[in-house]
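A.B. asks: One structure follows; several queries about it will come next.
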Amino acid sequence: MDFAERYSRQVLFAPIGEAGQRKLAQARIAIVGCGATGSALASLLARAGVGHLRIIDRDYVEPSNLQRQVLFDEADAAESLPKAIAAARKIAAFNSDITVEPHAADLTPDNVEDLLADVEIVLDGTDNFETRYLINDFAVDRGVPWIYAAGVASYAVTMNVLPGETACLACVFPDSPKGMVETCDTSGILNSAVNFVASIAATEALKLAIGVRDQLRRTLLSYDVWTNDLATVSADKPRPGCRACGKRDFVHLEGQGRPHISMCGRNSVQIHERERPIDFDEMSQRLAPHGPVKHNEFVLRFWREPYELTLFPDGRAIIKGTTDTAIARSLYARYVGS
Ligand SMILES: [Zn+2]
């Protein structure tokens, strides 16, 4: 499609203009997590013409996602497509001129270098502080700007982290904030709250990509779309003595003692195996006598009441129906391998 025609309305916006639009076409941005916030970010930035988007997500599409995760549809949920793959397919249908690189993976200390080293901006579409602290440590260490964004219930919060200039995530939240421990699984979420925060973060990303740093917000912004309560807290300066940006102690990059098994919301447990490539055809035959099993090229599902096991080609698994890591580990050992 003709470049000038496609982006004509955005180029008319003077602060972007033709020069800005060309910069966007050269931009490389990673979106970590492609649920509600990540979908909205990816959709907005792909439509705006960001030339290279890397989408990293560990999960697959489920019916309960469709209320707010704007890139997915019923067919994606029926197929249990990995969100990264479904997102890339959907974007290709409305903007085939840009490059979208999907990674159906969990961002970990082991792969953070591979996945984030060659991008100029990192956007937060995650739902957990473990991954956000990993992004923060990596970004502060490398001097890469990133944008924190979170939503729960009717409430959304976002902050730009410009390493060396503004506060980082560990300046503001030295530990996981208690108030945000409630999750979408316990408190619900309004689709307008996540789309609001994604709109703010996507716009800040556009400014960063075209180099308009004087217009960037330098506060922690929170807004409740239900009560209309708005709050901003200055994040203009790093906090003296901050573990990450002050002392440069990047504990989350080391990943030592990081469990190979973790909770991932919704009454489920994730097992992070990485060195166990799985042949889905062979595995389906092996599992068939034990319960219903189906697979496509991206994911294999196996039902063993009351549990549901979702297996990815690299050996990673999400086990639904329990929060007990011992049960999850034993199901994995029994049906996949120990
Ligand atoms: Zn800091």
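Chain lettering (A, B, ...) mirrors the order of the structure tokens, residue numbering begins at 1 for each chain separately, and ligand numbering begins at 1 in order of display.
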Using DSSP on the backbone coordinates, identify the residues of segment 20-253 of chain A assigned to strand (DSSP E or B); present them as JSON, numbers by chain.
C.D. replies: {"A": [28, 29, 30, 31, 32, 52, 53, 54, 55, 56, 57, 60, 82, 99, 100, 101, 102, 103, 104, 121, 122, 123, 124, 146, 147, 148, 149, 150, 151, 152, 153, 155, 156, 157, 158, 159, 160, 161, 189, 219, 220, 221, 222, 223, 224, 230, 231, 232, 233, 234]}
A.B. asks: Near segment 187-203 of chain A, within 7 Å and counting only C-alpha atoms, which residues show up once chain neighbours fewer than 5 positions away are dropped, as a list in words?
C.D. replies: Ala36, Thr37, Ala40, Leu41, Leu44, Leu45, Gln67, Arg68, Ile147, Ala149, Gly151, Val152, Ala153, Ser154, Tyr155, Ala156, Val157, Thr158, Glu182 and Val225 of chain A
A.B. asks: Can you pull out every residue with an atom within 10 Å of ligand 1? Use only C-alpha atoms and all ligand atoms and format it as a VMD selection string.
C.D. replies: chain A and resid 136 to 137 140 161 163 to 174 235 237 to 248
A.B. asks: Counting only C-alpha atoms, figure out which residue out of A:Gly33, A:Gly17, A:Pro109, A:Pro292 gets nearest to Gly255 of chain A.
C.D. replies: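 Closest residue, counting only C-alpha atoms: A:Pro109.
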A.B. asks: Can you pull out every residue within 10 Å of segment 278-288 of chain A, counting only C-alpha atoms, but drop anything in the same chain fewer than 6 positions away, and send it as JSON, numbers by chain?
C.D. replies: {"A": [294, 295, 296, 297, 298, 299, 300, 301, 302, 303, 304, 311, 312, 313, 314, 315, 316, 335, 336]}
A.B. asks: So which one's closest to Ala150 of chain A, A:Ile318, A:Leu66, A:Val100, A:Leu220? Using only C-alpha atoms, please.
C.D. replies: A:Leu220
A.B. asks: Can you tell me which residues surround Arg22 of chain A at a distance of at most 12 Å, considering only C-alpha atoms, apart from same-chain residues fewer than 6 positions away, and format the answer as a CSV table (one decimal) with N, CA and C atoms, in the first residue's frame?
C.D. replies:
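Final file, out_7.csv:
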```
chain,number,residue,atom,x,y,z
A,3,PHE,N,2.7,4.3,1.0
A,3,PHE,CA,3.1,4.8,2.3
A,3,PHE,C,2.5,6.2,2.6
A,4,ALA,N,2.6,7.1,1.6
A,4,ALA,CA,2.0,8.5,1.9
A,4,ALA,C,0.5,8.4,2.1
A,7,TYR,N,-0.4,6.7,5.7
A,7,TYR,CA,-0.2,7.5,6.9
A,7,TYR,C,-0.5,9.0,6.8
A,10,GLN,N,-1.8,11.0,9.8
A,10,GLN,CA,-0.8,11.1,10.9
A,10,GLN,C,0.3,12.1,10.5
A,11,VAL,N,0.6,12.1,9.2
A,11,VAL,CA,1.6,13.0,8.8
A,11,VAL,C,1.1,14.5,8.8
A,16,ILE,N,4.5,15.2,14.1
A,16,ILE,CA,5.1,14.0,13.4
A,16,ILE,C,5.5,14.4,12.0
A,48,ALA,N,0.2,2.9,13.4
A,48,ALA,CA,0.9,4.1,13.3
A,48,ALA,C,2.2,4.0,12.4
A,49,GLY,N,2.6,2.8,12.1
A,49,GLY,CA,3.7,2.6,11.2
A,49,GLY,C,5.0,2.4,11.8
A,50,VAL,N,5.1,1.9,13.0
A,50,VAL,CA,6.4,1.5,13.6
A,50,VAL,C,6.9,0.3,12.8
A,51,GLY,N,8.1,0.5,12.2
A,51,GLY,CA,8.6,-0.5,11.2
A,51,GLY,C,8.9,-1.9,11.7
A,206,LEU,N,5.7,6.8,20.6
A,206,LEU,CA,5.9,7.5,19.3
A,206,LEU,C,6.8,8.7,19.5
A,209,ALA,N,10.3,7.5,19.7
A,209,ALA,CA,10.8,6.9,18.4
A,209,ALA,C,11.2,8.0,17.5
A,210,ILE,N,10.5,9.2,17.5
A,210,ILE,CA,10.8,10.2,16.6
A,210,ILE,C,11.7,11.3,17.3
```
A.B. asks: With 10 Å as the cut-off and only C-alpha atoms counted, what is the closest atom pair between each nearby residue of segment 47-156 of chain A and segment 267-272 of chain A? Distances in Å to one decimal, ordered by chain and number, as CSV.
C.D. replies:
```
residue,atom,partner,partner_atom,distance
A:Arg58,CA,A:Gln270,CA,9.5
A:Asp59,CA,A:Gln270,CA,9.8
A:Ala105,CA,A:His272,CA,9.6
A:Asp106,CA,A:His272,CA,8.1
A:Thr108,CA,A:His272,CA,9.4
```
